[in-house]
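Below is the file final-v8.txt, which contains compact mmCIF, all heavy atoms.
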```txt
# COMPACT_ATOMS: atom_id res chain seq x y z
N MET A 1 -22.42 -14.03 -10.50
CA MET A 1 -21.10 -14.48 -10.94
C MET A 1 -20.04 -13.43 -10.60
O MET A 1 -19.04 -13.75 -9.98
CB MET A 1 -21.16 -14.76 -12.44
CG MET A 1 -19.84 -15.00 -13.07
SD MET A 1 -19.55 -16.75 -13.20
CE MET A 1 -17.98 -16.72 -13.96
N PHE A 2 -20.27 -12.21 -11.04
CA PHE A 2 -19.30 -11.14 -10.77
C PHE A 2 -19.15 -10.90 -9.27
O PHE A 2 -18.06 -10.68 -8.78
CB PHE A 2 -19.73 -9.87 -11.50
CG PHE A 2 -18.74 -8.75 -11.38
CD1 PHE A 2 -17.51 -8.82 -12.01
CD2 PHE A 2 -19.03 -7.64 -10.62
CE1 PHE A 2 -16.60 -7.81 -11.90
CE2 PHE A 2 -18.12 -6.61 -10.50
CZ PHE A 2 -16.90 -6.69 -11.14
N PHE A 3 -20.28 -10.95 -8.56
CA PHE A 3 -20.26 -10.73 -7.12
C PHE A 3 -19.46 -11.81 -6.40
O PHE A 3 -18.73 -11.53 -5.45
CB PHE A 3 -21.70 -10.69 -6.59
CG PHE A 3 -21.77 -10.46 -5.12
CD1 PHE A 3 -21.46 -9.22 -4.58
CD2 PHE A 3 -22.13 -11.48 -4.26
CE1 PHE A 3 -21.53 -9.00 -3.21
CE2 PHE A 3 -22.20 -11.27 -2.90
CZ PHE A 3 -21.89 -10.02 -2.38
N THR A 4 -19.55 -13.04 -6.85
CA THR A 4 -18.80 -14.12 -6.20
C THR A 4 -17.30 -13.97 -6.43
O THR A 4 -16.51 -14.31 -5.55
CB THR A 4 -19.27 -15.50 -6.72
OG1 THR A 4 -19.15 -15.54 -8.13
CG2 THR A 4 -20.71 -15.76 -6.32
N ILE A 5 -16.91 -13.45 -7.58
CA ILE A 5 -15.48 -13.22 -7.84
C ILE A 5 -14.95 -12.16 -6.88
O ILE A 5 -13.89 -12.32 -6.28
CB ILE A 5 -15.26 -12.80 -9.31
CG1 ILE A 5 -15.58 -13.97 -10.24
CG2 ILE A 5 -13.83 -12.34 -9.52
CD1 ILE A 5 -15.60 -13.60 -11.70
N ILE A 6 -15.71 -11.08 -6.72
CA ILE A 6 -15.30 -10.02 -5.80
C ILE A 6 -15.24 -10.55 -4.37
O ILE A 6 -14.30 -10.27 -3.62
CB ILE A 6 -16.26 -8.81 -5.90
CG1 ILE A 6 -16.10 -8.15 -7.26
CG2 ILE A 6 -16.01 -7.82 -4.78
CD1 ILE A 6 -17.09 -7.05 -7.52
N LEU A 7 -16.22 -11.33 -4.00
CA LEU A 7 -16.27 -11.89 -2.65
C LEU A 7 -15.07 -12.81 -2.39
O LEU A 7 -14.44 -12.75 -1.33
CB LEU A 7 -17.57 -12.65 -2.44
CG LEU A 7 -17.89 -13.09 -1.03
CD1 LEU A 7 -18.01 -11.88 -0.13
CD2 LEU A 7 -19.17 -13.89 -1.01
N ASN A 8 -14.71 -13.63 -3.35
CA ASN A 8 -13.55 -14.52 -3.20
C ASN A 8 -12.26 -13.71 -3.05
O ASN A 8 -11.39 -14.06 -2.25
CB ASN A 8 -13.45 -15.46 -4.38
CG ASN A 8 -14.50 -16.55 -4.33
OD1 ASN A 8 -15.03 -16.84 -3.27
ND2 ASN A 8 -14.81 -17.13 -5.47
N ARG A 9 -12.12 -12.63 -3.80
CA ARG A 9 -10.90 -11.81 -3.69
C ARG A 9 -10.85 -11.12 -2.35
O ARG A 9 -9.77 -10.98 -1.76
CB ARG A 9 -10.85 -10.80 -4.84
CG ARG A 9 -10.56 -11.48 -6.15
CD ARG A 9 -10.36 -10.51 -7.26
NE ARG A 9 -10.11 -11.24 -8.50
CZ ARG A 9 -10.09 -10.68 -9.67
NH1 ARG A 9 -10.31 -9.39 -9.80
NH2 ARG A 9 -9.84 -11.39 -10.75
N LEU A 10 -12.00 -10.66 -1.85
CA LEU A 10 -12.01 -10.04 -0.53
C LEU A 10 -11.63 -11.03 0.56
O LEU A 10 -10.95 -10.68 1.53
CB LEU A 10 -13.39 -9.44 -0.24
CG LEU A 10 -13.74 -8.16 -0.99
CD1 LEU A 10 -15.16 -7.75 -0.71
CD2 LEU A 10 -12.78 -7.05 -0.63
N LYS A 11 -12.05 -12.27 0.42
CA LYS A 11 -11.67 -13.30 1.39
C LYS A 11 -10.16 -13.52 1.38
O LYS A 11 -9.54 -13.69 2.43
CB LYS A 11 -12.39 -14.60 1.08
CG LYS A 11 -13.84 -14.60 1.45
CD LYS A 11 -14.47 -15.94 1.13
CE LYS A 11 -15.95 -15.96 1.41
NZ LYS A 11 -16.58 -17.24 1.03
N LYS A 12 -9.55 -13.51 0.19
CA LYS A 12 -8.10 -13.69 0.10
C LYS A 12 -7.38 -12.54 0.78
O LYS A 12 -6.40 -12.74 1.49
CB LYS A 12 -7.68 -13.80 -1.36
CG LYS A 12 -8.07 -15.10 -2.00
CD LYS A 12 -7.62 -15.13 -3.45
CE LYS A 12 -8.12 -16.40 -4.12
NZ LYS A 12 -7.74 -16.44 -5.54
N ILE A 13 -7.87 -11.33 0.57
CA ILE A 13 -7.25 -10.16 1.20
C ILE A 13 -7.42 -10.24 2.71
O ILE A 13 -6.50 -9.94 3.47
CB ILE A 13 -7.86 -8.87 0.64
CG1 ILE A 13 -7.45 -8.70 -0.82
CG2 ILE A 13 -7.42 -7.66 1.45
CD1 ILE A 13 -8.17 -7.58 -1.54
N ALA A 14 -8.59 -10.65 3.16
CA ALA A 14 -8.86 -10.73 4.60
C ALA A 14 -7.95 -11.74 5.29
O ALA A 14 -7.57 -11.55 6.45
CB ALA A 14 -10.32 -11.09 4.84
N THR A 15 -7.57 -12.79 4.60
CA THR A 15 -6.68 -13.77 5.23
C THR A 15 -5.27 -13.23 5.38
O THR A 15 -4.51 -13.72 6.20
CB THR A 15 -6.64 -15.08 4.42
OG1 THR A 15 -6.21 -14.80 3.09
CG2 THR A 15 -8.00 -15.74 4.40
N LEU A 16 -4.91 -12.21 4.60
CA LEU A 16 -3.58 -11.63 4.70
C LEU A 16 -3.47 -10.62 5.84
O LEU A 16 -2.37 -10.28 6.26
CB LEU A 16 -3.21 -10.94 3.39
CG LEU A 16 -3.09 -11.85 2.17
CD1 LEU A 16 -2.84 -11.03 0.92
CD2 LEU A 16 -2.00 -12.87 2.37
N LEU A 17 -4.61 -10.14 6.35
CA LEU A 17 -4.59 -9.18 7.44
C LEU A 17 -4.20 -9.86 8.75
O LEU A 17 -4.52 -11.03 8.96
CB LEU A 17 -5.98 -8.55 7.61
CG LEU A 17 -6.45 -7.62 6.51
CD1 LEU A 17 -7.91 -7.27 6.74
CD2 LEU A 17 -5.62 -6.37 6.46
N PRO A 18 -3.49 -9.14 9.61
CA PRO A 18 -3.20 -9.73 10.92
C PRO A 18 -4.49 -9.94 11.70
O PRO A 18 -5.48 -9.24 11.49
CB PRO A 18 -2.30 -8.69 11.59
CG PRO A 18 -2.51 -7.44 10.85
CD PRO A 18 -2.94 -7.81 9.46
N LYS A 19 -4.46 -10.88 12.60
CA LYS A 19 -5.68 -11.22 13.34
C LYS A 19 -6.16 -10.08 14.24
O LYS A 19 -7.34 -9.97 14.50
CB LYS A 19 -5.45 -12.47 14.18
CG LYS A 19 -5.25 -13.71 13.34
CD LYS A 19 -5.28 -14.94 14.19
CE LYS A 19 -4.98 -16.19 13.41
NZ LYS A 19 -5.87 -16.44 12.32
N ASN A 20 -5.26 -9.23 14.67
CA ASN A 20 -5.66 -8.15 15.57
C ASN A 20 -5.70 -6.80 14.86
O ASN A 20 -5.48 -5.77 15.46
CB ASN A 20 -4.71 -8.09 16.76
CG ASN A 20 -3.30 -7.76 16.33
OD1 ASN A 20 -2.95 -7.85 15.17
ND2 ASN A 20 -2.47 -7.37 17.28
N TRP A 21 -6.01 -6.77 13.58
CA TRP A 21 -5.97 -5.51 12.84
C TRP A 21 -7.02 -4.53 13.34
O TRP A 21 -6.84 -3.33 13.23
CB TRP A 21 -6.12 -5.76 11.35
CG TRP A 21 -7.48 -6.24 10.93
CD1 TRP A 21 -7.95 -7.50 10.97
CD2 TRP A 21 -8.55 -5.44 10.41
NE1 TRP A 21 -9.23 -7.56 10.51
CE2 TRP A 21 -9.62 -6.31 10.15
CE3 TRP A 21 -8.70 -4.09 10.14
CZ2 TRP A 21 -10.82 -5.85 9.65
CZ3 TRP A 21 -9.91 -3.65 9.62
CH2 TRP A 21 -10.95 -4.53 9.38
N LEU A 22 -8.09 -5.02 13.95
CA LEU A 22 -9.09 -4.10 14.50
C LEU A 22 -8.63 -3.48 15.81
O LEU A 22 -9.11 -2.43 16.20
CB LEU A 22 -10.41 -4.84 14.73
CG LEU A 22 -11.24 -5.11 13.49
CD1 LEU A 22 -12.45 -5.95 13.86
CD2 LEU A 22 -11.68 -3.82 12.84
N ASP A 23 -7.69 -4.13 16.49
CA ASP A 23 -7.21 -3.62 17.77
C ASP A 23 -6.28 -2.43 17.62
O ASP A 23 -6.01 -1.73 18.59
CB ASP A 23 -6.46 -4.72 18.54
CG ASP A 23 -7.38 -5.87 18.91
OD1 ASP A 23 -8.60 -5.65 18.92
OD2 ASP A 23 -6.87 -6.96 19.18
N GLU A 24 -5.76 -2.22 16.41
CA GLU A 24 -4.79 -1.15 16.22
C GLU A 24 -5.51 0.19 16.15
O GLU A 24 -6.29 0.45 15.25
CB GLU A 24 -3.97 -1.40 14.96
CG GLU A 24 -3.10 -2.62 15.08
CD GLU A 24 -2.20 -2.80 13.88
OE1 GLU A 24 -2.35 -2.03 12.92
OE2 GLU A 24 -1.36 -3.71 13.91
N THR A 25 -5.26 1.01 17.14
CA THR A 25 -5.87 2.33 17.20
C THR A 25 -4.93 3.33 16.53
O THR A 25 -3.76 3.03 16.28
CB THR A 25 -6.10 2.73 18.66
OG1 THR A 25 -4.82 2.79 19.30
CG2 THR A 25 -6.99 1.74 19.37
N PRO A 26 -5.40 4.53 16.24
CA PRO A 26 -4.50 5.54 15.66
C PRO A 26 -3.29 5.83 16.54
O PRO A 26 -2.22 6.15 16.05
CB PRO A 26 -5.40 6.78 15.54
CG PRO A 26 -6.78 6.22 15.42
CD PRO A 26 -6.79 4.97 16.25
N GLN A 27 -3.45 5.70 17.86
CA GLN A 27 -2.32 5.95 18.76
C GLN A 27 -1.22 4.91 18.56
O GLN A 27 -0.04 5.25 18.54
CB GLN A 27 -2.76 5.96 20.23
CG GLN A 27 -3.63 7.14 20.62
CD GLN A 27 -5.10 6.94 20.29
OE1 GLN A 27 -5.51 5.84 19.92
NE2 GLN A 27 -5.88 7.99 20.39
N THR A 28 -1.60 3.65 18.43
CA THR A 28 -0.57 2.62 18.24
C THR A 28 0.10 2.77 16.89
O THR A 28 1.29 2.55 16.76
CB THR A 28 -1.16 1.21 18.38
OG1 THR A 28 -2.20 1.04 17.44
CG2 THR A 28 -1.68 0.96 19.77
N LEU A 29 -0.69 3.14 15.88
CA LEU A 29 -0.09 3.35 14.56
C LEU A 29 0.85 4.54 14.58
O LEU A 29 1.92 4.50 13.96
CB LEU A 29 -1.20 3.56 13.51
CG LEU A 29 -2.10 2.36 13.26
CD1 LEU A 29 -3.21 2.73 12.29
CD2 LEU A 29 -1.31 1.18 12.74
N ALA A 30 0.50 5.59 15.30
CA ALA A 30 1.37 6.77 15.39
C ALA A 30 2.66 6.44 16.12
O ALA A 30 3.74 6.88 15.71
CB ALA A 30 0.63 7.91 16.09
N SER A 31 2.57 5.65 17.19
CA SER A 31 3.79 5.30 17.92
C SER A 31 4.69 4.40 17.09
O SER A 31 5.91 4.51 17.14
CB SER A 31 3.44 4.63 19.25
OG SER A 31 2.79 3.41 19.03
N ARG A 32 4.09 3.53 16.29
CA ARG A 32 4.89 2.68 15.41
C ARG A 32 5.59 3.52 14.34
O ARG A 32 6.75 3.30 14.02
CB ARG A 32 3.98 1.64 14.77
CG ARG A 32 4.75 0.58 14.02
CD ARG A 32 3.84 -0.47 13.45
NE ARG A 32 3.05 -1.10 14.50
CZ ARG A 32 1.94 -1.75 14.29
NH1 ARG A 32 1.47 -1.89 13.08
NH2 ARG A 32 1.28 -2.30 15.28
N ARG A 33 4.87 4.52 13.81
CA ARG A 33 5.45 5.40 12.79
C ARG A 33 6.59 6.21 13.40
O ARG A 33 7.64 6.38 12.78
CB ARG A 33 4.37 6.34 12.25
CG ARG A 33 4.83 7.18 11.09
CD ARG A 33 3.76 8.13 10.55
NE ARG A 33 2.42 7.61 10.60
CZ ARG A 33 1.44 8.14 11.32
NH1 ARG A 33 1.65 9.19 12.07
NH2 ARG A 33 0.23 7.62 11.29
N LEU A 34 6.41 6.69 14.63
CA LEU A 34 7.45 7.45 15.30
C LEU A 34 8.69 6.58 15.52
O LEU A 34 9.81 7.04 15.33
CB LEU A 34 6.93 7.99 16.63
CG LEU A 34 7.91 8.81 17.45
CD1 LEU A 34 8.29 10.07 16.70
CD2 LEU A 34 7.29 9.17 18.79
N GLY A 35 8.48 5.33 15.88
CA GLY A 35 9.61 4.42 16.06
C GLY A 35 10.39 4.20 14.78
O GLY A 35 11.62 4.16 14.78
N ARG A 36 9.67 4.09 13.67
CA ARG A 36 10.36 3.94 12.38
C ARG A 36 11.13 5.19 12.02
O ARG A 36 12.25 5.11 11.51
CB ARG A 36 9.34 3.63 11.27
CG ARG A 36 8.88 2.19 11.26
CD ARG A 36 8.19 1.86 9.96
NE ARG A 36 7.05 2.71 9.67
CZ ARG A 36 5.79 2.41 9.94
NH1 ARG A 36 5.50 1.26 10.49
NH2 ARG A 36 4.82 3.24 9.65
N GLN A 37 10.56 6.36 12.30
CA GLN A 37 11.25 7.62 11.99
C GLN A 37 12.51 7.75 12.84
O GLN A 37 13.56 8.16 12.33
CB GLN A 37 10.33 8.81 12.25
CG GLN A 37 9.21 8.94 11.24
CD GLN A 37 8.22 10.03 11.61
OE1 GLN A 37 8.25 10.54 12.73
NE2 GLN A 37 7.33 10.36 10.70
N LEU A 38 12.43 7.39 14.11
CA LEU A 38 13.61 7.47 14.98
C LEU A 38 14.69 6.51 14.52
O LEU A 38 15.88 6.84 14.52
CB LEU A 38 13.21 7.19 16.42
CG LEU A 38 12.38 8.27 17.11
CD1 LEU A 38 11.91 7.79 18.48
CD2 LEU A 38 13.15 9.55 17.22
N ALA A 39 14.29 5.32 14.10
CA ALA A 39 15.28 4.34 13.63
C ALA A 39 15.94 4.84 12.35
O ALA A 39 17.15 4.67 12.17
CB ALA A 39 14.59 3.00 13.38
N GLU A 40 15.17 5.47 11.49
CA GLU A 40 15.73 6.01 10.24
C GLU A 40 16.71 7.14 10.54
O GLU A 40 17.80 7.21 9.95
CB GLU A 40 14.61 6.50 9.34
CG GLU A 40 15.06 7.03 8.01
CD GLU A 40 15.63 5.97 7.09
OE1 GLU A 40 15.39 4.78 7.33
OE2 GLU A 40 16.34 6.33 6.14
N ARG A 41 16.35 8.02 11.47
CA ARG A 41 17.26 9.11 11.83
C ARG A 41 18.56 8.58 12.43
O ARG A 41 19.64 9.08 12.16
CB ARG A 41 16.58 10.05 12.84
CG ARG A 41 15.54 10.92 12.22
CD ARG A 41 15.00 11.90 13.23
NE ARG A 41 13.81 12.54 12.70
CZ ARG A 41 12.76 12.86 13.41
NH1 ARG A 41 12.73 12.63 14.69
NH2 ARG A 41 11.71 13.43 12.84
N GLU A 42 18.43 7.54 13.25
CA GLU A 42 19.61 6.95 13.86
C GLU A 42 20.52 6.33 12.80
O GLU A 42 21.74 6.47 12.84
CB GLU A 42 19.17 5.90 14.87
CG GLU A 42 20.29 5.34 15.71
CD GLU A 42 19.75 4.41 16.78
OE1 GLU A 42 18.80 4.79 17.47
OE2 GLU A 42 20.29 3.29 16.89
N ARG A 43 19.91 5.67 11.83
CA ARG A 43 20.69 5.06 10.75
C ARG A 43 21.42 6.12 9.94
O ARG A 43 22.59 5.98 9.61
CB ARG A 43 19.76 4.25 9.85
CG ARG A 43 20.47 3.42 8.80
CD ARG A 43 19.49 2.67 7.94
NE ARG A 43 18.74 3.55 7.07
CZ ARG A 43 19.19 4.02 5.90
NH1 ARG A 43 20.38 3.70 5.49
NH2 ARG A 43 18.44 4.81 5.17
N ILE A 44 20.72 7.22 9.64
CA ILE A 44 21.33 8.30 8.86
C ILE A 44 22.47 8.94 9.64
O ILE A 44 23.53 9.23 9.09
CB ILE A 44 20.26 9.34 8.46
CG1 ILE A 44 19.32 8.73 7.42
CG2 ILE A 44 20.89 10.61 7.92
CD1 ILE A 44 18.12 9.57 7.09
N SER A 45 22.27 9.15 10.95
CA SER A 45 23.33 9.77 11.74
C SER A 45 24.56 8.85 11.83
O SER A 45 25.69 9.33 11.85
CB SER A 45 22.83 10.12 13.14
OG SER A 45 22.51 8.96 13.87
N GLU A 46 24.34 7.53 11.83
CA GLU A 46 25.48 6.60 11.82
C GLU A 46 26.24 6.70 10.51
O GLU A 46 27.47 6.67 10.49
CB GLU A 46 25.00 5.17 12.03
CG GLU A 46 24.57 4.86 13.44
CD GLU A 46 24.03 3.44 13.57
OE1 GLU A 46 24.06 2.69 12.58
OE2 GLU A 46 23.58 3.11 14.67
N ILE A 47 25.53 6.86 9.41
CA ILE A 47 26.18 6.98 8.10
C ILE A 47 27.01 8.25 8.06
O ILE A 47 28.17 8.23 7.65
CB ILE A 47 25.13 6.97 6.97
CG1 ILE A 47 24.50 5.58 6.86
CG2 ILE A 47 25.76 7.37 5.64
CD1 ILE A 47 23.31 5.51 5.93
N TYR A 48 26.43 9.37 8.51
CA TYR A 48 27.17 10.63 8.51
C TYR A 48 28.34 10.58 9.49
O TYR A 48 29.39 11.15 9.25
CB TYR A 48 26.25 11.80 8.84
CG TYR A 48 25.40 12.23 7.68
CD1 TYR A 48 24.02 12.36 7.82
CD2 TYR A 48 25.95 12.49 6.43
CE1 TYR A 48 23.23 12.76 6.76
CE2 TYR A 48 25.17 12.87 5.36
CZ TYR A 48 23.81 13.01 5.53
OH TYR A 48 23.03 13.39 4.48
N GLY A 49 28.19 9.88 10.60
CA GLY A 49 29.27 9.75 11.57
C GLY A 49 30.44 8.95 11.00
O GLY A 49 31.59 9.23 11.29
N ASN A 50 30.15 7.97 10.16
CA ASN A 50 31.22 7.18 9.54
C ASN A 50 31.95 7.96 8.45
O ASN A 50 33.11 7.69 8.19
CB ASN A 50 30.64 5.89 8.95
CG ASN A 50 30.17 4.94 10.03
OD1 ASN A 50 30.63 5.01 11.16
ND2 ASN A 50 29.25 4.05 9.69
N ILE A 51 31.26 8.90 7.83
CA ILE A 51 31.89 9.68 6.75
C ILE A 51 32.85 10.70 7.33
O ILE A 51 33.96 10.91 6.81
CB ILE A 51 30.81 10.40 5.90
CG1 ILE A 51 30.01 9.34 5.13
CG2 ILE A 51 31.42 11.40 4.96
CD1 ILE A 51 28.82 9.91 4.38
N ILE A 52 32.47 11.32 8.44
CA ILE A 52 33.29 12.40 9.02
C ILE A 52 34.46 11.87 9.78
O ILE A 52 34.80 10.95 10.19
CB ILE A 52 32.42 13.30 9.95
CG1 ILE A 52 31.37 13.96 9.10
CG2 ILE A 52 33.26 14.28 10.69
CD1 ILE A 52 30.39 14.81 9.89
```

Spell out the structure here as structure tokens.
Amino acid sequence: MFFTIILNRLKKIATLLPKNWLDETPQTLASRRLGRQLAERERISEIYGNII
């Protein structure tokens, strides 16, 4: 009984994962993180540019 509850919850979580989640290597995750950091820096520099 308890095992089936856990199994059902794992199935729900698995359906939320993207279909290619196994294809994502550490390199692709790192490049995505770098892209987010660059976008954040650009946004901050625009804010500071508007203030000055």

Here CA of Asn50 in chain A and CA of Leu34 in chain A stand apart by 24.5 Å

Between atom C of Gly35 in chain A and CG1 of Ile51 in chain A, what is the spacing in Å?
22.5 Å

Have a look at CG of Glu46 in chain A and atom N of Arg33 in chain A and let me know their distance in Å, one decimal.
19.7 Å

Calculate, to one decimal in Å, the centre and edge lengths of the box along x, y and z of the file that holds all listed atoms of range 30-47 of chain A with 8 Å of margin on each side, and present them as lines of an AutoDock Vina configuration file.
```
center_x = 14.2
center_y = 5.6
center_z = 12.2
size_x = 43.9
size_y = 31.7
size_z = 30.1
```
